[in-house]
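**Student:** To be precise about what I am sending: the file is called structure_20.cif and holds mmCIF, C-alpha atoms, pLDDT in the B column; chains and numbers go by the auth columns.
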```
data_query
#
loop_
_atom_site.group_PDB
_atom_site.id
_atom_site.type_symbol
_atom_site.label_atom_id
_atom_site.label_comp_id
_atom_site.label_asym_id
_atom_site.label_seq_id
_atom_site.Cartn_x
_atom_site.Cartn_y
_atom_site.Cartn_z
_atom_site.B_iso_or_equiv
_atom_site.auth_seq_id
_atom_site.auth_asym_id
ATOM 1 C CA MET A 1 14.764 -5.271 17.924 95.00 1 A
ATOM 2 C CA LEU A 2 16.238 -3.616 14.861 97.00 2 A
ATOM 3 C CA VAL A 3 16.068 -4.868 11.294 97.00 3 A
ATOM 4 C CA ARG A 4 19.846 -5.374 11.241 97.00 4 A
ATOM 5 C CA ASP A 5 19.554 -7.808 14.165 96.00 5 A
ATOM 6 C CA ILE A 6 17.570 -10.382 12.200 97.00 6 A
ATOM 7 C CA ILE A 7 19.841 -10.568 9.142 97.00 7 A
ATOM 8 C CA GLU A 8 22.433 -12.917 10.546 95.00 8 A
ATOM 9 C CA LYS A 9 20.048 -14.790 12.829 96.00 9 A
ATOM 10 C CA LEU A 10 17.774 -15.704 9.922 97.00 10 A
ATOM 11 C CA ASP A 11 20.570 -15.917 7.369 97.00 11 A
ATOM 12 C CA LEU A 12 18.913 -13.393 5.020 97.00 12 A
ATOM 13 C CA SER A 13 20.428 -11.875 1.889 97.00 13 A
ATOM 14 C CA ILE A 14 20.197 -8.086 1.645 97.00 14 A
ATOM 15 C CA VAL A 15 18.678 -7.095 -1.681 97.00 15 A
ATOM 16 C CA ALA A 16 17.937 -3.393 -1.079 98.00 16 A
ATOM 17 C CA GLY A 17 17.598 -0.625 1.481 97.00 17 A
ATOM 18 C CA GLU A 18 20.911 -1.034 3.292 96.00 18 A
ATOM 19 C CA ASN A 19 20.599 2.494 4.653 95.00 19 A
ATOM 20 C CA ALA A 20 17.522 1.669 6.703 96.00 20 A
ATOM 21 C CA LEU A 21 18.701 -1.307 8.748 97.00 21 A
ATOM 22 C CA ASP A 22 18.118 0.587 11.986 97.00 22 A
ATOM 23 C CA ASN A 23 14.326 0.504 11.506 97.00 23 A
ATOM 24 C CA GLU A 24 12.636 -0.767 14.661 97.00 24 A
ATOM 25 C CA ILE A 25 10.668 -4.031 14.331 97.00 25 A
ATOM 26 C CA THR A 26 7.263 -4.146 16.024 96.00 26 A
ATOM 27 C CA THR A 27 5.690 -7.370 14.776 97.00 27 A
ATOM 28 C CA VAL A 28 5.260 -9.517 11.656 98.00 28 A
ATOM 29 C CA TYR A 29 2.640 -9.577 8.920 98.00 29 A
ATOM 30 C CA VAL A 30 2.320 -12.260 6.254 98.00 30 A
ATOM 31 C CA GLY A 31 0.399 -11.806 3.010 97.00 31 A
ATOM 32 C CA ASP A 32 0.499 -11.688 -0.758 96.00 32 A
ATOM 33 C CA LEU A 33 -2.716 -9.782 -1.461 95.00 33 A
ATOM 34 C CA LEU A 34 -1.720 -6.135 -1.402 94.00 34 A
ATOM 35 C CA SER A 35 -5.072 -4.743 -0.274 93.00 35 A
ATOM 36 C CA TRP A 36 -5.132 -7.096 2.716 93.00 36 A
ATOM 37 C CA VAL A 37 -1.653 -6.005 3.650 96.00 37 A
ATOM 38 C CA MET A 38 -2.645 -2.346 3.223 94.00 38 A
ATOM 39 C CA ALA A 39 -5.633 -2.800 5.494 93.00 39 A
ATOM 40 C CA ASN A 40 -4.019 -4.874 8.209 94.00 40 A
ATOM 41 C CA ALA A 41 -0.236 -4.612 8.497 96.00 41 A
ATOM 42 C CA LYS A 42 0.885 -2.534 11.473 96.00 42 A
ATOM 43 C CA GLN A 43 3.552 0.139 11.421 95.00 43 A
ATOM 44 C CA GLY A 44 7.037 -1.319 11.949 97.00 44 A
ATOM 45 C CA SER A 45 6.038 -4.841 10.875 98.00 45 A
ATOM 46 C CA ILE A 46 8.311 -7.197 9.062 98.00 46 A
ATOM 47 C CA TRP A 47 6.298 -8.128 5.944 98.00 47 A
ATOM 48 C CA ILE A 48 6.812 -11.626 4.598 98.00 48 A
ATOM 49 C CA THR A 49 5.544 -12.166 1.049 98.00 49 A
ATOM 50 C CA ILE A 50 6.255 -13.907 -2.227 96.00 50 A
ATOM 51 C CA GLN A 51 5.288 -10.821 -4.229 96.00 51 A
ATOM 52 C CA SER A 52 8.450 -9.247 -5.561 94.00 52 A
ATOM 53 C CA HIS A 53 7.434 -6.438 -7.930 92.00 53 A
ATOM 54 C CA VAL A 54 7.909 -2.728 -7.389 92.00 54 A
ATOM 55 C CA ASN A 55 4.511 -2.126 -5.809 93.00 55 A
ATOM 56 C CA ILE A 56 5.491 -3.955 -2.607 95.00 56 A
ATOM 57 C CA VAL A 57 7.793 -1.017 -1.932 96.00 57 A
ATOM 58 C CA ALA A 58 4.895 1.448 -2.254 94.00 58 A
ATOM 59 C CA VAL A 59 2.861 -0.596 0.231 95.00 59 A
ATOM 60 C CA ALA A 60 5.734 -0.904 2.717 97.00 60 A
ATOM 61 C CA SER A 61 6.564 2.761 2.433 95.00 61 A
ATOM 62 C CA LEU A 62 2.971 3.991 2.810 94.00 62 A
ATOM 63 C CA LEU A 63 2.527 1.860 5.931 95.00 63 A
ATOM 64 C CA ASN A 64 5.982 2.535 7.431 95.00 64 A
ATOM 65 C CA LEU A 65 6.792 -1.167 7.574 97.00 65 A
ATOM 66 C CA SER A 66 10.268 -1.975 8.907 98.00 66 A
ATOM 67 C CA CYS A 67 11.342 -4.324 6.103 98.00 67 A
ATOM 68 C CA ILE A 68 10.181 -6.862 3.510 98.00 68 A
ATOM 69 C CA ILE A 69 11.304 -10.476 3.427 98.00 69 A
ATOM 70 C CA VAL A 70 10.692 -12.080 0.041 98.00 70 A
ATOM 71 C CA ALA A 71 10.373 -15.779 0.818 97.00 71 A
ATOM 72 C CA GLU A 72 10.863 -19.027 -1.094 96.00 72 A
ATOM 73 C CA GLY A 73 13.529 -17.629 -3.392 94.00 73 A
ATOM 74 C CA ALA A 74 11.171 -15.394 -5.381 93.00 74 A
ATOM 75 C CA HIS A 75 13.243 -13.151 -7.624 94.00 75 A
ATOM 76 C CA VAL A 76 13.027 -9.457 -6.696 96.00 76 A
ATOM 77 C CA ASP A 77 12.490 -7.149 -9.695 93.00 77 A
ATOM 78 C CA GLU A 78 15.137 -4.542 -10.545 94.00 78 A
ATOM 79 C CA GLU A 79 12.562 -1.717 -10.320 92.00 79 A
ATOM 80 C CA ALA A 80 11.655 -2.869 -6.823 94.00 80 A
ATOM 81 C CA ILE A 81 15.301 -2.816 -5.757 96.00 81 A
ATOM 82 C CA GLU A 82 15.815 0.652 -7.159 94.00 82 A
ATOM 83 C CA LYS A 83 12.687 2.049 -5.547 93.00 83 A
ATOM 84 C CA ALA A 84 13.445 0.381 -2.200 96.00 84 A
ATOM 85 C CA ASN A 85 16.882 2.013 -2.199 97.00 85 A
ATOM 86 C CA ASN A 86 15.285 5.396 -2.893 94.00 86 A
ATOM 87 C CA GLU A 87 12.544 4.947 -0.301 93.00 87 A
ATOM 88 C CA ASN A 88 14.822 3.331 2.288 95.00 88 A
ATOM 89 C CA ILE A 89 12.865 0.121 2.615 97.00 89 A
ATOM 90 C CA PRO A 90 15.077 -2.902 3.364 98.00 90 A
ATOM 91 C CA ILE A 91 14.266 -5.943 1.216 98.00 91 A
ATOM 92 C CA PHE A 92 15.705 -9.356 2.049 98.00 92 A
ATOM 93 C CA SER A 93 15.491 -12.566 0.125 97.00 93 A
ATOM 94 C CA THR A 94 15.655 -16.107 1.378 98.00 94 A
ATOM 95 C CA ASP A 95 14.965 -19.611 0.109 97.00 95 A
ATOM 96 C CA LYS A 96 13.139 -20.451 3.331 97.00 96 A
ATOM 97 C CA ASP A 97 9.374 -20.698 3.326 97.00 97 A
ATOM 98 C CA THR A 98 7.135 -18.510 5.460 97.00 98 A
ATOM 99 C CA TYR A 99 6.402 -21.186 8.044 97.00 99 A
ATOM 100 C CA ASN A 100 10.062 -21.692 8.829 97.00 100 A
ATOM 101 C CA LEU A 101 10.749 -17.958 8.849 97.00 101 A
ATOM 102 C CA ILE A 102 7.989 -17.469 11.410 97.00 102 A
ATOM 103 C CA LYS A 103 9.347 -20.271 13.587 97.00 103 A
ATOM 104 C CA GLU A 104 12.761 -18.634 13.570 97.00 104 A
ATOM 105 C CA LEU A 105 11.368 -15.164 14.258 97.00 105 A
ATOM 106 C CA ILE A 106 9.491 -16.462 17.291 96.00 106 A
ATOM 107 C CA LYS A 107 12.639 -18.248 18.483 96.00 107 A
ATOM 108 C CA ILE A 108 14.602 -14.970 18.469 95.00 108 A
ATOM 109 C CA GLY A 109 11.876 -13.186 20.389 94.00 109 A
ATOM 110 C CA ILE A 110 9.671 -11.482 17.794 92.00 110 A
ATOM 111 C CA GLU A 111 6.082 -12.257 18.594 81.00 111 A
ATOM 112 C CA MET B 1 -2.969 23.710 0.009 94.00 1 B
ATOM 113 C CA LYS B 2 -3.838 22.131 -3.317 96.00 2 B
ATOM 114 C CA LEU B 3 -1.962 19.346 -5.111 95.00 3 B
ATOM 115 C CA SER B 4 -2.702 17.781 -8.483 96.00 4 B
ATOM 116 C CA PHE B 5 -1.437 14.596 -10.074 94.00 5 B
ATOM 117 C CA THR B 6 -1.866 12.891 -13.391 93.00 6 B
ATOM 118 C CA VAL B 7 -1.864 9.112 -13.076 92.00 7 B
ATOM 119 C CA ASP B 8 -0.377 7.184 -15.959 89.00 8 B
ATOM 120 C CA GLY B 9 -2.482 4.199 -16.937 84.00 9 B
ATOM 121 C CA ASP B 10 0.290 2.244 -18.633 76.00 10 B
ATOM 122 C CA GLU B 11 2.721 1.877 -15.776 74.00 11 B
ATOM 123 C CA PHE B 12 0.511 0.113 -13.287 67.00 12 B
ATOM 124 C CA LEU B 13 3.399 -1.256 -11.309 69.00 13 B
ATOM 125 C CA LEU B 14 4.483 2.281 -10.538 70.00 14 B
ATOM 126 C CA ALA B 15 1.091 3.209 -9.110 79.00 15 B
ATOM 127 C CA GLY B 16 1.309 4.604 -5.623 88.00 16 B
ATOM 128 C CA GLU B 17 3.498 7.574 -6.552 89.00 17 B
ATOM 129 C CA ALA B 18 0.795 10.175 -5.917 93.00 18 B
ATOM 130 C CA SER B 19 -0.123 8.534 -2.589 94.00 19 B
ATOM 131 C CA SER B 20 3.479 8.551 -1.475 92.00 20 B
ATOM 132 C CA GLN B 21 3.940 12.193 -2.371 93.00 21 B
ATOM 133 C CA VAL B 22 0.805 13.189 -0.465 96.00 22 B
ATOM 134 C CA LYS B 23 2.003 11.149 2.502 95.00 23 B
ATOM 135 C CA LYS B 24 5.305 13.057 2.509 94.00 24 B
ATOM 136 C CA VAL B 25 3.534 16.425 2.378 96.00 25 B
ATOM 137 C CA LEU B 26 1.213 15.476 5.253 96.00 26 B
ATOM 138 C CA LYS B 27 4.180 14.350 7.313 94.00 27 B
ATOM 139 C CA GLN B 28 5.890 17.693 6.729 94.00 28 B
ATOM 140 C CA LEU B 29 2.689 19.451 7.788 94.00 29 B
ATOM 141 C CA GLY B 30 2.798 17.542 11.077 94.00 30 B
ATOM 142 C CA VAL B 31 -0.382 15.507 10.528 95.00 31 B
ATOM 143 C CA SER B 32 -0.611 12.582 13.008 94.00 32 B
ATOM 144 C CA SER B 33 0.571 9.182 11.838 92.00 33 B
ATOM 145 C CA ALA B 34 -2.880 7.642 12.482 93.00 34 B
ATOM 146 C CA ILE B 35 -4.507 10.107 10.082 95.00 35 B
ATOM 147 C CA ILE B 36 -1.712 9.741 7.526 95.00 36 B
ATOM 148 C CA ARG B 37 -2.219 5.972 7.611 94.00 37 B
ATOM 149 C CA LYS B 38 -5.941 6.347 6.842 95.00 38 B
ATOM 150 C CA ILE B 39 -5.289 8.686 3.944 96.00 39 B
ATOM 151 C CA ALA B 40 -2.421 6.608 2.562 95.00 40 B
ATOM 152 C CA ILE B 41 -4.533 3.432 2.500 95.00 41 B
ATOM 153 C CA ALA B 42 -7.678 5.012 1.030 96.00 42 B
ATOM 154 C CA MET B 43 -5.720 6.987 -1.519 96.00 43 B
ATOM 155 C CA TYR B 44 -3.488 4.099 -2.588 95.00 44 B
ATOM 156 C CA GLU B 45 -6.525 1.924 -3.264 95.00 45 B
ATOM 157 C CA ALA B 46 -8.191 4.612 -5.348 96.00 46 B
ATOM 158 C CA GLU B 47 -4.990 5.297 -7.245 95.00 47 B
ATOM 159 C CA ILE B 48 -4.441 1.595 -7.958 92.00 48 B
ATOM 160 C CA ASN B 49 -8.042 1.203 -9.140 93.00 49 B
ATOM 161 C CA MET B 50 -7.628 4.101 -11.502 93.00 50 B
ATOM 162 C CA VAL B 51 -4.596 2.442 -13.065 91.00 51 B
ATOM 163 C CA LEU B 52 -5.926 -1.133 -13.108 89.00 52 B
ATOM 164 C CA HIS B 53 -9.407 -0.374 -14.387 91.00 53 B
ATOM 165 C CA ALA B 54 -9.495 3.045 -16.039 92.00 54 B
ATOM 166 C CA ASN B 55 -6.147 3.562 -17.791 90.00 55 B
ATOM 167 C CA GLY B 56 -5.205 6.390 -15.446 91.00 56 B
ATOM 168 C CA GLY B 57 -6.809 9.703 -14.616 94.00 57 B
ATOM 169 C CA SER B 58 -6.373 12.757 -12.452 96.00 58 B
ATOM 170 C CA ILE B 59 -6.111 13.297 -8.699 97.00 59 B
ATOM 171 C CA ASP B 60 -6.755 16.615 -6.972 98.00 60 B
ATOM 172 C CA VAL B 61 -5.971 16.997 -3.295 97.00 61 B
ATOM 173 C CA ASP B 62 -7.196 19.856 -1.136 97.00 62 B
ATOM 174 C CA ILE B 63 -5.678 20.145 2.333 96.00 63 B
ATOM 175 C CA THR B 64 -7.210 22.531 4.866 95.00 64 B
ATOM 176 C CA PRO B 65 -6.783 22.697 8.665 93.00 65 B
ATOM 177 C CA GLU B 66 -10.072 20.783 9.063 94.00 66 B
ATOM 178 C CA LYS B 67 -9.906 18.087 6.438 96.00 67 B
ATOM 179 C CA ILE B 68 -8.254 16.489 3.466 97.00 68 B
ATOM 180 C CA TYR B 69 -10.411 16.110 0.387 98.00 69 B
ATOM 181 C CA ILE B 70 -9.208 13.998 -2.535 98.00 70 B
ATOM 182 C CA LEU B 71 -10.967 13.891 -5.893 98.00 71 B
ATOM 183 C CA PHE B 72 -10.172 11.085 -8.358 97.00 72 B
ATOM 184 C CA GLN B 73 -11.513 11.401 -11.895 97.00 73 B
ATOM 185 C CA ASP B 74 -11.080 8.985 -14.754 96.00 74 B
ATOM 186 C CA GLU B 75 -12.527 8.381 -18.176 95.00 75 B
ATOM 187 C CA GLY B 76 -12.579 4.611 -17.823 94.00 76 B
ATOM 188 C CA PRO B 77 -15.374 2.118 -18.414 95.00 77 B
ATOM 189 C CA GLY B 78 -17.313 3.117 -15.293 96.00 78 B
ATOM 190 C CA ILE B 79 -18.670 0.848 -12.549 95.00 79 B
ATOM 191 C CA LYS B 80 -21.774 -1.101 -13.501 94.00 80 B
ATOM 192 C CA ASP B 81 -23.057 -1.830 -10.012 93.00 81 B
ATOM 193 C CA ILE B 82 -21.436 0.244 -7.281 94.00 82 B
ATOM 194 C CA GLU B 83 -23.202 -1.636 -4.482 94.00 83 B
ATOM 195 C CA LEU B 84 -21.812 -4.933 -5.782 94.00 84 B
ATOM 196 C CA ALA B 85 -18.354 -3.433 -6.225 94.00 85 B
ATOM 197 C CA MET B 86 -18.436 -2.295 -2.586 94.00 86 B
ATOM 198 C CA GLN B 87 -18.739 -5.908 -1.396 93.00 87 B
ATOM 199 C CA GLU B 88 -15.571 -7.429 -0.001 93.00 88 B
ATOM 200 C CA GLY B 89 -14.146 -10.016 -2.371 92.00 89 B
ATOM 201 C CA TYR B 90 -15.906 -8.757 -5.493 92.00 90 B
ATOM 202 C CA SER B 91 -13.451 -7.929 -8.267 93.00 91 B
ATOM 203 C CA THR B 92 -13.387 -7.718 -12.041 92.00 92 B
ATOM 204 C CA ALA B 93 -9.563 -7.827 -12.204 91.00 93 B
ATOM 205 C CA SER B 94 -7.875 -10.137 -14.713 90.00 94 B
ATOM 206 C CA ASP B 95 -5.899 -13.237 -13.688 91.00 95 B
ATOM 207 C CA GLU B 96 -2.684 -11.488 -14.670 87.00 96 B
ATOM 208 C CA ILE B 97 -3.401 -8.665 -12.243 88.00 97 B
ATOM 209 C CA ARG B 98 -4.462 -11.067 -9.499 91.00 98 B
ATOM 210 C CA GLU B 99 -1.188 -12.955 -9.747 89.00 99 B
ATOM 211 C CA LEU B 100 0.547 -9.750 -8.750 89.00 100 B
ATOM 212 C CA GLY B 101 -1.491 -9.564 -5.581 91.00 101 B
ATOM 213 C CA PHE B 102 -4.086 -7.055 -6.751 91.00 102 B
ATOM 214 C CA GLY B 103 -7.760 -7.742 -7.402 89.00 103 B
ATOM 215 C CA ALA B 104 -8.595 -9.131 -3.964 91.00 104 B
ATOM 216 C CA GLY B 105 -11.888 -7.252 -4.021 92.00 105 B
ATOM 217 C CA MET B 106 -10.784 -5.116 -1.091 92.00 106 B
ATOM 218 C CA GLY B 107 -10.126 -1.813 -2.843 93.00 107 B
ATOM 219 C CA LEU B 108 -13.484 -0.089 -2.384 95.00 108 B
ATOM 220 C CA PRO B 109 -14.076 -1.643 1.074 94.00 109 B
ATOM 221 C CA ASN B 110 -10.686 -0.299 2.191 94.00 110 B
ATOM 222 C CA MET B 111 -11.522 3.144 0.822 96.00 111 B
ATOM 223 C CA LYS B 112 -14.764 3.127 2.787 96.00 112 B
ATOM 224 C CA ARG B 113 -13.160 1.805 5.962 95.00 113 B
ATOM 225 C CA TYR B 114 -10.308 4.293 5.999 96.00 114 B
ATOM 226 C CA SER B 115 -12.069 7.453 4.843 97.00 115 B
ATOM 227 C CA ASP B 116 -14.550 9.493 6.890 97.00 116 B
ATOM 228 C CA ASP B 117 -16.666 10.185 3.851 97.00 117 B
ATOM 229 C CA LEU B 118 -16.637 8.368 0.514 97.00 118 B
ATOM 230 C CA LYS B 119 -18.649 9.340 -2.537 97.00 119 B
ATOM 231 C CA ILE B 120 -18.573 7.409 -5.795 97.00 120 B
ATOM 232 C CA SER B 121 -20.402 8.366 -8.943 96.00 121 B
ATOM 233 C CA SER B 122 -19.967 6.539 -12.181 96.00 122 B
ATOM 234 C CA GLU B 123 -21.398 6.455 -15.647 95.00 123 B
ATOM 235 C CA LEU B 124 -20.898 3.429 -17.896 95.00 124 B
ATOM 236 C CA GLY B 125 -18.625 4.218 -20.812 94.00 125 B
ATOM 237 C CA LYS B 126 -17.861 7.687 -19.474 96.00 126 B
ATOM 238 C CA GLY B 127 -15.868 7.312 -16.290 96.00 127 B
ATOM 239 C CA THR B 128 -15.843 7.359 -12.535 97.00 128 B
ATOM 240 C CA LYS B 129 -15.498 10.050 -9.909 97.00 129 B
ATOM 241 C CA VAL B 130 -14.386 9.130 -6.392 97.00 130 B
ATOM 242 C CA GLU B 131 -14.313 11.639 -3.532 98.00 131 B
ATOM 243 C CA ILE B 132 -12.546 10.806 -0.303 97.00 132 B
ATOM 244 C CA THR B 133 -12.660 13.031 2.766 97.00 133 B
ATOM 245 C CA VAL B 134 -10.669 12.507 5.934 97.00 134 B
ATOM 246 C CA TYR B 135 -11.177 14.917 8.843 96.00 135 B
ATOM 247 C CA LEU B 136 -8.067 15.999 10.677 92.00 136 B
ATOM 248 C CA ASN B 137 -9.579 16.547 14.080 84.00 137 B
ATOM 249 C CA ARG B 138 -11.283 13.199 14.570 71.00 138 B
ATOM 250 C CA GLU B 139 -9.577 10.183 16.098 58.00 139 B
ATOM 251 C CA GLY B 140 -10.041 6.470 15.422 48.00 140 B
ATOM 252 C CA ASP B 141 -11.008 4.605 12.254 44.00 141 B
#
```
Translate this structure into structure tokens?
**Tutor:**
Amino acid sequence: MLVRDIIEKLDLSIVAGENALDNEITTVYVGDLLSWVMANAKQGSIWITIQSHVNIVAVASLLNLSCIIVAEGAHVDEEAIEKANNENIPIFSTDKDTYNLIKELIKIGIE
Amino acid sequence: MKLSFTVDGDEFLLAGEASSQVKKVLKQLGVSSAIIRKIAIAMYEAEINMVLHANGGSIDVDITPEKIYILFQDEGPGIKDIELAMQEGYSTASDEIRELGFGAGMGLPNMKRYSDDLKISSELGKGTKVEITVYLNREGD
């Protein structure tokens, strides 16, 4: 499944990285501690977090993650948006919490 | 091939720039994605540490057909007890830094896990030197 396929299904708002919506999704990783994400997130993962500063883009880019979903309405910093556009990392925001996002992702076939 | 970077200690949110540039170079050189992942993780952690704890420093990267050697040098406060700092979960990061998702006490453990050889030497009040080596012809973690 491609990143663009989850936007409508999960009712996500696109915040950055519109040029990279054809990234292939492999799985999902959830976490707010950057070193844990660095150590454990797999290539192509959707990363769900409530961190919203510019360093999430560095992590996603270094690991080749497919996109970042910033959950629970956390406000994404301007620097993060700018960097994500440069690095082609899609960032989405949503008011939903992680639990409900996961339920929906499983429902549409992402395990 | 040799690359050098100066890491700015003030802009800690921008840390990761040197790691991302090295990653791009390695990709252009055709290094496998498994090896690039190891280097990116180990290097990012060292770069972040340099910014969070030592107010920046310098990074020198030496890429040969056999291995990638990365030297990090800073003039920060030094590490009091390296063995303790190597333990997962141990961190001296401030609350402010932790709120941003850093300071999980996983930096040095990640460097060890994702490098083939890690050397740390440190002198209190003088600074810290970290050397990371990743071999290009070995597979696995």
**Student:** When the PyMOL selection byres ((chain A and resi 58) around 9) is applied to the file above, which residues end up in the set, as a VMD selection string?
**Tutor:** (chain A and resid 54 to 57 59 to 63 83 to 84 87) or (chain B and resid 14 to 17 19 to 20 44)
**Student:** Mind listing whatever residues come within 9 Å of the point (13.3, -19.5, 5.2)? Use all atoms listed in the file, file coordinates, and give them as a PDB file with C-alpha atoms, in the frame of the given file.
**Tutor:**
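File produced: out-v8.pdb:
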```
ATOM      1  CA  LEU A  10      17.774 -15.704   9.922  1.00 97.00           C
ATOM      2  CA  ASP A  11      20.570 -15.917   7.369  1.00 97.00           C
ATOM      3  CA  LEU A  12      18.913 -13.393   5.020  1.00 97.00           C
ATOM      4  CA  ALA A  71      10.373 -15.779   0.818  1.00 97.00           C
ATOM      5  CA  GLU A  72      10.863 -19.027  -1.094  1.00 96.00           C
ATOM      6  CA  GLY A  73      13.529 -17.629  -3.392  1.00 94.00           C
ATOM      7  CA  SER A  93      15.491 -12.566   0.125  1.00 97.00           C
ATOM      8  CA  THR A  94      15.655 -16.107   1.378  1.00 98.00           C
ATOM      9  CA  ASP A  95      14.965 -19.611   0.109  1.00 97.00           C
ATOM     10  CA  LYS A  96      13.139 -20.451   3.331  1.00 97.00           C
ATOM     11  CA  ASP A  97       9.374 -20.698   3.326  1.00 97.00           C
ATOM     12  CA  THR A  98       7.135 -18.510   5.460  1.00 97.00           C
ATOM     13  CA  TYR A  99       6.402 -21.186   8.044  1.00 97.00           C
ATOM     14  CA  ASN A 100      10.062 -21.692   8.829  1.00 97.00           C
ATOM     15  CA  LEU A 101      10.749 -17.958   8.849  1.00 97.00           C
ATOM     16  CA  ILE A 102       7.989 -17.469  11.410  1.00 97.00           C
ATOM     17  CA  GLU A 104      12.761 -18.634  13.570  1.00 97.00           C
TER      18      GLU A 104
END
```
**Student:** Centre and edge lengths, as JSON, for the axis-aligned box enclosing every listed atom of region 7-22 of chain B with 8 Å of padding on each of the six sides, in Å to one decimal?
**Tutor:**
```
{"center_x": 1.0, "center_y": 6.0, "center_z": -9.5, "size_x": 23.0, "size_y": 30.4, "size_z": 34.2}
```
**Student:** For the point (3.3, 14.4, 3.4) in the file's frame, write as a VMD selection string all residues with an atom no more than 12 Å away, counting all atoms listed in the file.
**Tutor:** (chain A and resid 62) or (chain B and resid 1 3 18 to 33 35 to 37 39 to 40 61 63 68)
**Student:** Evaluating the PyMOL selection byres ((chain B and resi 105) around 12) on the displayed file yields which residues, as a VMD selection string?
**Tutor:** (chain A and resid 33 to 36) or (chain B and resid 45 49 84 to 94 97 to 98 101 to 104 106 to 111)
**Student:** Just C-alpha atoms for this one: save the residues we selected as a PDB file, keeping the file's coordinate frame.
**Tutor:**
```
ATOM      1  CA  LEU A  33      -2.716  -9.782  -1.461  1.00 95.00           C
ATOM      2  CA  LEU A  34      -1.720  -6.135  -1.402  1.00 94.00           C
ATOM      3  CA  SER A  35      -5.072  -4.743  -0.274  1.00 93.00           C
ATOM      4  CA  TRP A  36      -5.132  -7.096   2.716  1.00 93.00           C
TER       5      TRP A  36
ATOM      6  CA  GLU B  45      -6.525   1.924  -3.264  1.00 95.00           C
ATOM      7  CA  ASN B  49      -8.042   1.203  -9.140  1.00 93.00           C
ATOM      8  CA  LEU B  84     -21.812  -4.933  -5.782  1.00 94.00           C
ATOM      9  CA  ALA B  85     -18.354  -3.433  -6.225  1.00 94.00           C
ATOM     10  CA  MET B  86     -18.436  -2.295  -2.586  1.00 94.00           C
ATOM     11  CA  GLN B  87     -18.739  -5.908  -1.396  1.00 93.00           C
ATOM     12  CA  GLU B  88     -15.571  -7.429  -0.001  1.00 93.00           C
ATOM     13  CA  GLY B  89     -14.146 -10.016  -2.371  1.00 92.00           C
ATOM     14  CA  TYR B  90     -15.906  -8.757  -5.493  1.00 92.00           C
ATOM     15  CA  SER B  91     -13.451  -7.929  -8.267  1.00 93.00           C
ATOM     16  CA  THR B  92     -13.387  -7.718 -12.041  1.00 92.00           C
ATOM     17  CA  ALA B  93      -9.563  -7.827 -12.204  1.00 91.00           C
ATOM     18  CA  SER B  94      -7.875 -10.137 -14.713  1.00 90.00           C
ATOM     19  CA  ILE B  97      -3.401  -8.665 -12.243  1.00 88.00           C
ATOM     20  CA  ARG B  98      -4.462 -11.067  -9.499  1.00 91.00           C
ATOM     21  CA  GLY B 101      -1.491  -9.564  -5.581  1.00 91.00           C
ATOM     22  CA  PHE B 102      -4.086  -7.055  -6.751  1.00 91.00           C
ATOM     23  CA  GLY B 103      -7.760  -7.742  -7.402  1.00 89.00           C
ATOM     24  CA  ALA B 104      -8.595  -9.131  -3.964  1.00 91.00           C
ATOM     25  CA  MET B 106     -10.784  -5.116  -1.091  1.00 92.00           C
ATOM     26  CA  GLY B 107     -10.126  -1.813  -2.843  1.00 93.00           C
ATOM     27  CA  LEU B 108     -13.484  -0.089  -2.384  1.00 95.00           C
ATOM     28  CA  PRO B 109     -14.076  -1.643   1.074  1.00 94.00           C
ATOM     29  CA  ASN B 110     -10.686  -0.299   2.191  1.00 94.00           C
ATOM     30  CA  MET B 111     -11.522   3.144   0.822  1.00 96.00           C
TER      31      MET B 111
END
```
